[in-house]
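Structure data (mmCIF, C-alpha atoms; chains and numbers go by the auth columns) from entry.cif:
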data_upload
loop_
_atom_site.group_PDB
_atom_site.id
_atom_site.type_symbol
_atom_site.label_atom_id
_atom_site.label_comp_id
_atom_site.label_asym_id
_atom_site.label_seq_id
_atom_site.Cartn_x
_atom_site.Cartn_y
_atom_site.Cartn_z
_atom_site.B_iso_or_equiv
_atom_site.auth_seq_id
_atom_site.auth_asym_id
ATOM 1 C CA MET A 1 122.000 62.309 129.862 0.00 1 A
ATOM 2 C CA THR A 2 119.786 60.003 127.804 0.00 2 A
ATOM 3 C CA VAL A 3 116.199 61.044 127.220 0.00 3 A
ATOM 4 C CA ILE A 4 113.029 59.870 125.495 0.00 4 A
ATOM 5 C CA GLN A 5 110.639 62.299 123.856 0.00 5 A
ATOM 6 C CA GLY A 6 107.182 61.423 125.149 0.00 6 A
ATOM 7 C CA ASN A 7 103.788 62.763 124.175 0.00 7 A
ATOM 8 C CA GLY A 8 104.078 66.276 125.594 0.00 8 A
ATOM 9 C CA PHE A 9 106.985 65.583 127.958 0.00 9 A
ATOM 10 C CA VAL A 10 110.618 64.481 128.054 0.00 10 A
ATOM 11 C CA ALA A 11 111.654 61.474 130.147 0.00 11 A
ATOM 12 C CA GLU A 12 115.196 61.046 131.408 0.00 12 A
ATOM 13 C CA ILE A 13 116.514 57.472 131.496 0.00 13 A
ATOM 14 C CA ILE A 14 118.500 56.502 134.585 0.00 14 A
ATOM 15 C CA ARG A 15 120.205 53.110 134.325 0.00 15 A
ATOM 16 C CA SER A 16 121.486 51.155 137.314 0.00 16 A
ATOM 17 C CA SER A 17 123.247 47.815 137.629 0.00 17 A
ATOM 18 C CA LYS A 18 121.501 47.335 140.971 0.00 18 A
ATOM 19 C CA ARG A 19 117.951 47.592 139.595 0.00 19 A
ATOM 20 C CA LYS A 20 115.989 44.435 138.788 0.00 20 A
ATOM 21 C CA THR A 21 112.782 46.177 137.715 0.00 21 A
ATOM 22 C CA SER A 22 111.741 49.416 136.001 0.00 22 A
ATOM 23 C CA ALA A 23 109.992 52.358 137.624 0.00 23 A
ATOM 24 C CA ILE A 24 108.833 55.842 136.629 0.00 24 A
ATOM 25 C CA LYS A 25 109.212 58.776 139.007 0.00 25 A
ATOM 26 C CA ILE A 26 107.767 62.270 138.644 0.00 26 A
ATOM 27 C CA GLN A 27 109.713 64.813 140.670 0.00 27 A
ATOM 28 C CA LYS A 28 109.438 68.608 140.555 0.00 28 A
ATOM 29 C CA GLY A 29 107.721 68.483 137.177 0.00 29 A
ATOM 30 C CA LYS A 30 110.317 66.168 135.590 0.00 30 A
ATOM 31 C CA VAL A 31 109.969 62.552 134.447 0.00 31 A
ATOM 32 C CA PHE A 32 112.599 59.958 135.346 0.00 32 A
ATOM 33 C CA VAL A 33 112.614 56.344 134.135 0.00 33 A
ATOM 34 C CA MET A 34 114.717 54.124 136.398 0.00 34 A
ATOM 35 C CA VAL A 35 115.670 50.899 134.598 0.00 35 A
ATOM 36 C CA PRO A 36 118.118 47.974 134.800 0.00 36 A
ATOM 37 C CA GLU A 37 121.429 48.778 133.133 0.00 37 A
ATOM 38 C CA ARG A 38 121.009 46.517 130.108 0.00 38 A
ATOM 39 C CA LEU A 39 117.329 47.075 129.357 0.00 39 A
ATOM 40 C CA SER A 40 116.851 47.947 125.683 0.00 40 A
ATOM 41 C CA ARG A 41 115.699 51.386 124.587 0.00 41 A
ATOM 42 C CA ALA A 42 112.774 49.826 122.715 0.00 42 A
ATOM 43 C CA VAL A 43 111.431 48.270 125.921 0.00 43 A
ATOM 44 C CA ILE A 44 111.879 51.573 127.783 0.00 44 A
ATOM 45 C CA GLU A 45 110.040 53.494 125.052 0.00 45 A
ATOM 46 C CA SER A 46 107.222 50.945 125.201 0.00 46 A
ATOM 47 C CA LEU A 47 106.974 51.411 128.985 0.00 47 A
ATOM 48 C CA VAL A 48 106.826 55.193 128.646 0.00 48 A
ATOM 49 C CA THR A 49 104.143 54.934 125.940 0.00 49 A
ATOM 50 C CA GLU A 50 102.095 52.566 128.095 0.00 50 A
ATOM 51 C CA LYS A 51 102.295 54.922 131.087 0.00 51 A
ATOM 52 C CA THR A 52 101.776 58.166 129.138 0.00 52 A
ATOM 53 C CA ARG A 53 98.326 58.892 130.567 0.00 53 A
ATOM 54 C CA TRP A 54 99.521 58.285 134.146 0.00 54 A
ATOM 55 C CA ILE A 55 102.627 60.431 133.570 0.00 55 A
ATOM 56 C CA LYS A 56 100.605 63.348 132.189 0.00 56 A
ATOM 57 C CA GLU A 57 98.137 63.182 135.084 0.00 57 A
ATOM 58 C CA LYS A 58 100.989 63.288 137.605 0.00 58 A
ATOM 59 C CA LEU A 59 102.674 66.144 135.754 0.00 59 A
ATOM 60 C CA ALA A 60 99.422 68.125 135.759 0.00 60 A
ATOM 61 C CA ILE A 61 99.016 67.573 139.494 0.00 61 A
ATOM 62 C CA GLN A 62 102.595 68.613 140.241 0.00 62 A
ATOM 63 C CA LYS A 63 102.227 71.676 138.002 0.00 63 A
ATOM 64 C CA GLU A 64 99.301 72.770 140.145 0.00 64 A
ATOM 65 C CA ILE A 65 101.310 72.166 143.323 0.00 65 A
ATOM 66 C CA ILE A 66 104.232 74.208 141.997 0.00 66 A
ATOM 67 C CA ALA A 67 101.884 76.975 140.860 0.00 67 A
ATOM 68 C CA VAL A 68 100.171 77.388 144.236 0.00 68 A
ATOM 69 C CA LYS A 69 101.148 80.791 145.589 0.00 69 A
ATOM 70 C CA PRO A 70 101.781 80.853 149.350 0.00 70 A
ATOM 71 C CA LYS A 71 99.234 82.830 151.330 0.00 71 A
ATOM 72 C CA GLU A 72 100.316 86.191 152.698 0.00 72 A
ATOM 73 C CA PHE A 73 97.436 86.625 155.191 0.00 73 A
ATOM 74 C CA ILE A 74 96.840 90.258 154.326 0.00 74 A
ATOM 75 C CA SER A 75 93.666 92.293 153.886 0.00 75 A
ATOM 76 C CA GLY A 76 92.001 91.692 150.535 0.00 76 A
ATOM 77 C CA GLU A 77 93.360 88.170 150.107 0.00 77 A
ATOM 78 C CA ALA A 78 90.552 85.749 149.198 0.00 78 A
ATOM 79 C CA PHE A 79 89.771 82.423 150.864 0.00 79 A
ATOM 80 C CA SER A 80 87.304 79.999 149.279 0.00 80 A
ATOM 81 C CA CYS A 81 84.681 77.991 151.122 0.00 81 A
ATOM 82 C CA LEU A 82 82.272 75.835 149.125 0.00 82 A
ATOM 83 C CA ASP A 83 81.220 78.054 146.208 0.00 83 A
ATOM 84 C CA LYS A 84 81.997 81.391 147.852 0.00 84 A
ATOM 85 C CA SER A 85 85.101 83.532 147.962 0.00 85 A
ATOM 86 C CA HIS A 86 85.608 85.438 151.215 0.00 86 A
ATOM 87 C CA PRO A 87 87.982 88.447 151.263 0.00 87 A
ATOM 88 C CA LEU A 88 90.138 88.737 154.366 0.00 88 A
ATOM 89 C CA LYS A 89 89.802 91.907 156.398 0.00 89 A
ATOM 90 C CA ILE A 90 92.254 92.581 159.225 0.00 90 A
ATOM 91 C CA GLU A 91 91.406 95.049 161.955 0.00 91 A
ATOM 92 C CA SER A 92 92.630 95.938 165.430 0.00 92 A
ATOM 93 C CA GLY A 93 90.985 94.373 168.462 0.00 93 A
ATOM 94 C CA LEU A 94 91.449 93.573 172.130 0.00 94 A
ATOM 95 C CA TYR A 95 92.262 89.938 171.387 0.00 95 A
ATOM 96 C CA PRO A 96 92.730 87.642 168.328 0.00 96 A
ATOM 97 C CA ALA A 97 89.340 86.658 166.887 0.00 97 A
ATOM 98 C CA ILE A 98 87.639 85.812 163.611 0.00 98 A
ATOM 99 C CA LYS A 99 84.094 86.173 162.320 0.00 99 A
ATOM 100 C CA LEU A 100 82.213 86.129 159.017 0.00 100 A
ATOM 101 C CA HIS A 101 80.558 89.458 158.327 0.00 101 A
ATOM 102 C CA GLN A 102 78.841 90.279 155.025 0.00 102 A
ATOM 103 C CA ASP A 103 80.888 87.577 153.265 0.00 103 A
ATOM 104 C CA GLU A 104 84.155 88.983 154.646 0.00 104 A
ATOM 105 C CA LEU A 105 86.389 87.000 156.984 0.00 105 A
ATOM 106 C CA VAL A 106 87.097 89.661 159.588 0.00 106 A
ATOM 107 C CA VAL A 107 90.143 88.949 161.748 0.00 107 A
ATOM 108 C CA SER A 108 90.989 90.991 164.834 0.00 108 A
ATOM 109 C CA VAL A 109 94.601 91.277 166.011 0.00 109 A
ATOM 110 C CA ARG A 110 96.110 93.278 168.844 0.00 110 A
ATOM 111 C CA ASP A 111 98.704 95.084 166.718 0.00 111 A
ATOM 112 C CA LYS A 112 98.076 95.464 162.983 0.00 112 A
ATOM 113 C CA ALA A 113 101.647 96.669 162.450 0.00 113 A
ATOM 114 C CA ALA A 114 103.139 93.417 163.760 0.00 114 A
ATOM 115 C CA ASP A 115 103.734 90.220 161.782 0.00 115 A
ATOM 116 C CA ASN A 116 100.435 88.449 162.440 0.00 116 A
ATOM 117 C CA ALA A 117 100.643 85.832 159.672 0.00 117 A
ATOM 118 C CA GLN A 118 100.780 82.777 161.946 0.00 118 A
ATOM 119 C CA VAL A 119 98.065 84.084 164.280 0.00 119 A
ATOM 120 C CA ILE A 120 95.781 84.834 161.332 0.00 120 A
ATOM 121 C CA LYS A 121 96.506 81.458 159.744 0.00 121 A
ATOM 122 C CA GLN A 122 95.565 79.597 162.931 0.00 122 A
ATOM 123 C CA LEU A 123 92.361 81.635 163.299 0.00 123 A
ATOM 124 C CA LEU A 124 91.420 80.817 159.693 0.00 124 A
ATOM 125 C CA ILE A 125 92.128 77.115 160.181 0.00 125 A
ATOM 126 C CA LYS A 126 89.948 77.114 163.310 0.00 126 A
ATOM 127 C CA TRP A 127 87.113 78.837 161.394 0.00 127 A
ATOM 128 C CA PHE A 128 87.362 76.443 158.446 0.00 128 A
ATOM 129 C CA LYS A 129 87.414 73.386 160.720 0.00 129 A
ATOM 130 C CA LEU A 130 84.260 74.539 162.510 0.00 130 A
ATOM 131 C CA ARG A 131 82.571 75.266 159.179 0.00 131 A
ATOM 132 C CA ALA A 132 83.689 71.869 157.872 0.00 132 A
ATOM 133 C CA GLU A 133 82.312 70.032 160.893 0.00 133 A
ATOM 134 C CA SER A 134 78.902 71.702 160.639 0.00 134 A
ATOM 135 C CA THR A 135 78.608 71.354 156.860 0.00 135 A
ATOM 136 C CA LEU A 136 79.908 67.801 156.593 0.00 136 A
ATOM 137 C CA ARG A 137 77.666 66.564 159.401 0.00 137 A
ATOM 138 C CA ASP A 138 74.636 68.096 157.673 0.00 138 A
ATOM 139 C CA LYS A 139 75.594 66.667 154.283 0.00 139 A
ATOM 140 C CA THR A 140 76.288 63.246 155.794 0.00 140 A
ATOM 141 C CA ALA A 141 72.853 63.192 157.417 0.00 141 A
ATOM 142 C CA HIS A 142 71.207 64.314 154.148 0.00 142 A
ATOM 143 C CA TYR A 143 72.897 61.749 151.909 0.00 143 A
ATOM 144 C CA SER A 144 72.624 58.994 154.533 0.00 144 A
ATOM 145 C CA ARG A 145 68.830 59.253 154.282 0.00 145 A
ATOM 146 C CA MET A 146 69.019 59.286 150.508 0.00 146 A
ATOM 147 C CA ILE A 147 71.330 56.260 150.248 0.00 147 A
ATOM 148 C CA GLY A 148 69.722 54.376 153.121 0.00 148 A
ATOM 149 C CA VAL A 149 72.770 53.952 155.341 0.00 149 A
ATOM 150 C CA THR A 150 73.833 55.181 158.773 0.00 150 A
ATOM 151 C CA ALA A 151 77.282 56.411 159.745 0.00 151 A
ATOM 152 C CA SER A 152 78.250 55.290 163.241 0.00 152 A
ATOM 153 C CA SER A 153 80.280 58.483 163.690 0.00 153 A
ATOM 154 C CA VAL A 154 81.441 61.550 161.776 0.00 154 A
ATOM 155 C CA THR A 155 84.856 63.018 162.577 0.00 155 A
ATOM 156 C CA ILE A 156 86.802 65.908 161.088 0.00 156 A
ATOM 157 C CA LYS A 157 90.530 65.235 160.733 0.00 157 A
ATOM 158 C CA SER A 158 93.666 66.511 159.035 0.00 158 A
ATOM 159 C CA PHE A 159 94.905 64.137 156.349 0.00 159 A
ATOM 160 C CA LYS A 160 97.881 64.573 154.055 0.00 160 A
ATOM 161 C CA ALA A 161 96.794 62.379 151.171 0.00 161 A
ATOM 162 C CA ARG A 162 93.084 61.620 151.456 0.00 162 A
ATOM 163 C CA TRP A 163 89.773 63.464 151.584 0.00 163 A
ATOM 164 C CA GLY A 164 87.845 60.960 153.649 0.00 164 A
ATOM 165 C CA SER A 165 87.714 57.424 154.978 0.00 165 A
ATOM 166 C CA CYS A 166 85.110 54.937 156.121 0.00 166 A
ATOM 167 C CA SER A 167 85.905 52.255 158.693 0.00 167 A
ATOM 168 C CA ILE A 168 84.519 48.744 158.649 0.00 168 A
ATOM 169 C CA THR A 169 82.187 49.850 161.477 0.00 169 A
ATOM 170 C CA ALA A 170 80.799 52.732 159.357 0.00 170 A
ATOM 171 C CA GLY A 171 82.773 55.449 161.131 0.00 171 A
ATOM 172 C CA ILE A 172 83.436 58.263 158.669 0.00 172 A
ATOM 173 C CA GLN A 173 86.322 60.706 158.788 0.00 173 A
ATOM 174 C CA TYR A 174 86.680 63.751 156.564 0.00 174 A
ATOM 175 C CA ASN A 175 89.630 65.973 155.790 0.00 175 A
ATOM 176 C CA TRP A 176 88.515 69.458 156.875 0.00 176 A
ATOM 177 C CA LYS A 177 90.287 71.002 153.862 0.00 177 A
ATOM 178 C CA ILE A 178 87.635 69.597 151.507 0.00 178 A
ATOM 179 C CA ILE A 179 85.391 72.468 152.648 0.00 179 A
ATOM 180 C CA ILE A 180 87.582 74.780 150.532 0.00 180 A
ATOM 181 C CA ALA A 181 86.415 72.967 147.373 0.00 181 A
ATOM 182 C CA PRO A 182 83.241 73.729 145.388 0.00 182 A
ATOM 183 C CA ASP A 183 79.988 72.373 146.819 0.00 183 A
ATOM 184 C CA ARG A 184 79.592 69.610 144.217 0.00 184 A
ATOM 185 C CA ILE A 185 83.062 68.270 145.078 0.00 185 A
ATOM 186 C CA VAL A 186 82.179 68.155 148.776 0.00 186 A
ATOM 187 C CA ASN A 187 78.963 66.295 147.913 0.00 187 A
ATOM 188 C CA TYR A 188 80.968 63.762 145.911 0.00 188 A
ATOM 189 C CA VAL A 189 83.325 63.074 148.818 0.00 189 A
ATOM 190 C CA VAL A 190 80.400 62.579 151.221 0.00 190 A
ATOM 191 C CA ILE A 191 78.610 60.235 148.796 0.00 191 A
ATOM 192 C CA HIS A 192 81.852 58.363 148.139 0.00 192 A
ATOM 193 C CA GLU A 193 82.415 57.634 151.829 0.00 193 A
ATOM 194 C CA LEU A 194 78.780 56.750 152.536 0.00 194 A
ATOM 195 C CA CYS A 195 78.750 54.276 149.642 0.00 195 A
ATOM 196 C CA HIS A 196 81.645 52.506 151.360 0.00 196 A
ATOM 197 C CA ILE A 197 79.143 51.475 154.020 0.00 197 A
ATOM 198 C CA LEU A 198 77.404 49.500 151.258 0.00 198 A
ATOM 199 C CA HIS A 199 80.616 48.269 149.626 0.00 199 A
ATOM 200 C CA HIS A 200 83.828 48.471 151.633 0.00 200 A
ATOM 201 C CA ASN A 201 85.989 48.380 148.498 0.00 201 A
ATOM 202 C CA HIS A 202 86.303 50.024 145.094 0.00 202 A
ATOM 203 C CA SER A 203 84.505 47.299 143.168 0.00 203 A
ATOM 204 C CA PRO A 204 82.278 47.942 140.128 0.00 204 A
ATOM 205 C CA ALA A 205 79.284 47.665 142.480 0.00 205 A
ATOM 206 C CA PHE A 206 80.723 50.445 144.639 0.00 206 A
ATOM 207 C CA TRP A 207 81.264 52.801 141.707 0.00 207 A
ATOM 208 C CA LYS A 208 77.793 52.010 140.384 0.00 208 A
ATOM 209 C CA ALA A 209 76.351 53.092 143.735 0.00 209 A
ATOM 210 C CA VAL A 210 78.428 56.288 143.706 0.00 210 A
ATOM 211 C CA GLU A 211 77.294 57.084 140.160 0.00 211 A
ATOM 212 C CA HIS A 212 73.643 56.615 141.131 0.00 212 A
ATOM 213 C CA TYR A 213 73.882 59.501 143.608 0.00 213 A
ATOM 214 C CA CYS A 214 76.640 61.523 141.909 0.00 214 A
ATOM 215 C CA HIS A 215 76.338 61.313 138.134 0.00 215 A
ATOM 216 C CA ASP A 216 79.522 63.315 137.468 0.00 216 A
ATOM 217 C CA TYR A 217 81.683 61.436 139.980 0.00 217 A
ATOM 218 C CA ARG A 218 84.433 60.905 137.399 0.00 218 A
ATOM 219 C CA ASP A 219 84.708 64.643 136.784 0.00 219 A
ATOM 220 C CA CYS A 220 84.709 65.283 140.535 0.00 220 A
ATOM 221 C CA GLY A 221 87.507 62.779 141.100 0.00 221 A
ATOM 222 C CA ALA A 222 89.538 64.306 138.267 0.00 222 A
ATOM 223 C CA TRP A 223 88.948 67.800 139.694 0.00 223 A
ATOM 224 C CA LEU A 224 90.388 66.703 143.031 0.00 224 A
ATOM 225 C CA LYS A 225 93.458 65.180 141.398 0.00 225 A
ATOM 226 C CA ILE A 226 94.222 68.401 139.565 0.00 226 A
ATOM 227 C CA ASN A 227 93.140 70.963 142.159 0.00 227 A
ATOM 228 C CA GLY A 228 93.644 69.143 145.449 0.00 228 A
ATOM 229 C CA ALA A 229 96.920 70.938 146.168 0.00 229 A
ATOM 230 C CA ARG A 230 95.070 74.264 146.187 0.00 230 A
ATOM 231 C CA LEU A 231 92.804 73.176 149.042 0.00 231 A
ATOM 232 C CA ASP A 232 94.859 74.616 151.846 0.00 232 A
ATOM 233 C CA ILE A 233 95.115 77.658 154.088 0.00 233 A
#
What would you get if you wrote out this structure as structure tokens?
Amino acid sequence: MTVIQGNGFVAEIIRSSKRKTSAIKIQKGKVFVMVPERLSRAVIESLVTEKTRWIKEKLAIQKEIIAVKPKEFISGEAFSCLDKSHPLKIESGLYPAIKLHQDELVVSVRDKAADNAQVIKQLLIKWFKLRAESTLRDKTAHYSRMIGVTASSVTIKSFKARWGSCSITAGIQYNWKIIIAPDRIVNYVVIHELCHILHHNHSPAFWKAVEHYCHDYRDCGAWLKINGARLDI
């Protein structure tokens, strides 16, 4: 195994006679540099140095993903929504249900002794989706007035790799999981999508508009890159 010592990481070089170009892959917290068989070590080291910032960002993101502890769906476990942490309380009831009571997420199940993890998870997802729809519609209306745009529709969806989208016809879709993030992060996502009505791209003009309404948008974007994997039920 041939490796390169990077700035805070080790990169393994993988040579192949079939490769025409070079590529860097981050997998399970490890860095791999796939290169043509005869590419010189000096060129590979230069590539790794050039991509150091990108590599470290990806490593940080994957570290967070690896570190995320699976939920157990037991009493006392905390679930975040905007800037609040809600302890889970499980009690017996006639039928499965969920409600917010004095900042606790109270879940009723028929048999507390049974394995209710999946039932509780689905009840929590339903609650978070409803909360997301209400909150994101209100925030969209608020920032629409501020920015001077109008969304043709607001829809709550489940996305794997995005927090929102804006169609060419000003239809906005949000990932319901964003509601788990702090309030300022949710505001950033709403502003981001609404500014796409003004500029349907990521041009300097777009980012200038975002910055006008969200001064710390860079910090918010960085927060999502690092903590996005934690926004789940």
- If the PyMOL selection byres ((chain A and resi 31-37) around 6) is run on the structure shown, which residues does it catch, given as a PyMOL selection string? chain A and resi 11-17+19-20+22-26+30+38-39
- Message: When the PyMOL selection byres ((chain A and resi 233) around 7) is applied to the structure above, which residues does it catch, written out as a list of chain:residue names?
- Response: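 Those residues are A:Lys121, A:Ile125, A:Asp232.
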Carefully work through the PyMOL selection byres ((chain A and resi 184-199) around 9) for this structure and note down the residues it includes, as a PDB file with C-alpha atoms, keeping the file's coordinate frame.
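result.pdb, written as the output of this step:
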ATOM      1  CA  LEU A  82      82.272  75.835 149.125  1.00  0.00           C
ATOM      2  CA  ASP A  83      81.220  78.054 146.208  1.00  0.00           C
ATOM      3  CA  LEU A 136      79.908  67.801 156.593  1.00  0.00           C
ATOM      4  CA  LYS A 139      75.594  66.667 154.283  1.00  0.00           C
ATOM      5  CA  THR A 140      76.288  63.246 155.794  1.00  0.00           C
ATOM      6  CA  TYR A 143      72.897  61.749 151.909  1.00  0.00           C
ATOM      7  CA  SER A 144      72.624  58.994 154.533  1.00  0.00           C
ATOM      8  CA  ILE A 147      71.330  56.260 150.248  1.00  0.00           C
ATOM      9  CA  VAL A 149      72.770  53.952 155.341  1.00  0.00           C
ATOM     10  CA  THR A 150      73.833  55.181 158.773  1.00  0.00           C
ATOM     11  CA  ALA A 151      77.282  56.411 159.745  1.00  0.00           C
ATOM     12  CA  TRP A 163      89.773  63.464 151.584  1.00  0.00           C
ATOM     13  CA  GLY A 164      87.845  60.960 153.649  1.00  0.00           C
ATOM     14  CA  SER A 165      87.714  57.424 154.978  1.00  0.00           C
ATOM     15  CA  CYS A 166      85.110  54.937 156.121  1.00  0.00           C
ATOM     16  CA  SER A 167      85.905  52.255 158.693  1.00  0.00           C
ATOM     17  CA  ILE A 168      84.519  48.744 158.649  1.00  0.00           C
ATOM     18  CA  THR A 169      82.187  49.850 161.477  1.00  0.00           C
ATOM     19  CA  ALA A 170      80.799  52.732 159.357  1.00  0.00           C
ATOM     20  CA  GLY A 171      82.773  55.449 161.131  1.00  0.00           C
ATOM     21  CA  ILE A 172      83.436  58.263 158.669  1.00  0.00           C
ATOM     22  CA  GLN A 173      86.322  60.706 158.788  1.00  0.00           C
ATOM     23  CA  TYR A 174      86.680  63.751 156.564  1.00  0.00           C
ATOM     24  CA  ILE A 178      87.635  69.597 151.507  1.00  0.00           C
ATOM     25  CA  ILE A 179      85.391  72.468 152.648  1.00  0.00           C
ATOM     26  CA  ILE A 180      87.582  74.780 150.532  1.00  0.00           C
ATOM     27  CA  ALA A 181      86.415  72.967 147.373  1.00  0.00           C
ATOM     28  CA  PRO A 182      83.241  73.729 145.388  1.00  0.00           C
ATOM     29  CA  ASP A 183      79.988  72.373 146.819  1.00  0.00           C
ATOM     30  CA  HIS A 200      83.828  48.471 151.633  1.00  0.00           C
ATOM     31  CA  ASN A 201      85.989  48.380 148.498  1.00  0.00           C
ATOM     32  CA  HIS A 202      86.303  50.024 145.094  1.00  0.00           C
ATOM     33  CA  SER A 203      84.505  47.299 143.168  1.00  0.00           C
ATOM     34  CA  ALA A 205      79.284  47.665 142.480  1.00  0.00           C
ATOM     35  CA  PHE A 206      80.723  50.445 144.639  1.00  0.00           C
ATOM     36  CA  TRP A 207      81.264  52.801 141.707  1.00  0.00           C
ATOM     37  CA  ALA A 209      76.351  53.092 143.735  1.00  0.00           C
ATOM     38  CA  VAL A 210      78.428  56.288 143.706  1.00  0.00           C
ATOM     39  CA  TYR A 213      73.882  59.501 143.608  1.00  0.00           C
ATOM     40  CA  CYS A 214      76.640  61.523 141.909  1.00  0.00           C
ATOM     41  CA  ASP A 216      79.522  63.315 137.468  1.00  0.00           C
ATOM     42  CA  TYR A 217      81.683  61.436 139.980  1.00  0.00           C
ATOM     43  CA  CYS A 220      84.709  65.283 140.535  1.00  0.00           C
ATOM     44  CA  GLY A 221      87.507  62.779 141.100  1.00  0.00           C
ATOM     45  CA  TRP A 223      88.948  67.800 139.694  1.00  0.00           C
ATOM     46  CA  LEU A 224      90.388  66.703 143.031  1.00  0.00           C
TER      47      LEU A 224
END
- Item | Of the listed residues A:Lys51, A:Trp176, A:Gly76, A:Ala161, that which approaches A:Arg137 most closely, counting all atoms listed in the file | A:Trp176
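You will find atom CA of A:Asn227 at 11.9 Å from atom CA of A:Lys58.
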- So what do you get for atom CA of A:Phe159 versus atom CA of A:Lys177, distance-wise? 8.6 Å
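The environment of A:Ile226 within 7 Å, counting all atoms listed in the file and disregarding residues fewer than 3 places along the same chain, consists of Ala60, Ile61, Glu64, Ala222 and Trp223 of chain A.
Using all atoms listed in the file, the shortest contact distance between A:Val48 and any of A:Lys89, A:Lys63, A:Leu94, A:Gln5 is found at A:Gln5.
Atom pair atom CA of A:Asn7 / atom CA of A:Thr52 has a distance of 7.1 Å (rounded to one decimal).
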- Query: Excluding same-chain residues fewer than 5 positions from A:Leu124, what lies within 10 Å of it counting all atoms listed in the file, as a PyMOL selection string?
  - Reply: chain A and resi 73+79+88+97-99+105-107+118-119+129-130+233
Report the centre and edge lengths, in Å to one decimal, of an axis-aligned box enclosing every atom of stretch 178-185 of chain A listed in the file, padded by 4 Å on each side, as JSON.
{"center_x": 83.6, "center_y": 71.5, "center_z": 148.4, "size_x": 16.0, "size_y": 14.5, "size_z": 16.4}
- Task: Name the closest residue to A:Gly8 among the candidates A:Ser40, A:Ser85, A:Thr21, A:Thr49; distances are taken between atoms, counting all atoms listed in the file.
- Result: A:Thr49
Select stretch 207-229 of chain A in the preceding structure and write C-alpha atoms to a file as a short mmCIF file (atom, residue, chain, number, x, y, z; two decimals), in the first residue's frame.
data_model
loop_
_atom_site.label_atom_id
_atom_site.label_comp_id
_atom_site.auth_asym_id
_atom_site.auth_seq_id
_atom_site.Cartn_x
_atom_site.Cartn_y
_atom_site.Cartn_z
CA TRP A 207 -25.40 35.15 -3.15
CA LYS A 208 -25.47 38.92 -2.72
CA ALA A 209 -29.26 38.72 -2.37
CA VAL A 210 -28.97 35.87 0.14
CA GLU A 211 -26.40 37.82 2.17
CA HIS A 212 -28.67 40.88 2.27
CA TYR A 213 -31.32 38.91 4.18
CA CYS A 214 -29.04 36.39 5.94
CA HIS A 215 -25.75 38.00 6.91
CA ASP A 216 -24.22 34.76 8.25
CA TYR A 217 -25.26 32.60 5.29
CA ARG A 218 -21.73 31.20 4.93
CA ASP A 219 -21.75 29.97 8.52
CA CYS A 220 -25.23 28.51 8.02
CA GLY A 221 -24.14 26.64 4.90
CA ALA A 222 -21.06 25.30 6.69
CA TRP A 223 -23.21 24.23 9.66
CA LEU A 224 -25.42 22.18 7.34
CA LYS A 225 -22.43 20.50 5.71
CA ILE A 226 -21.07 19.41 9.07
CA ASN A 227 -24.30 18.68 10.94
CA GLY A 228 -26.71 17.70 8.18
CA ALA A 229 -26.35 13.99 8.90
#
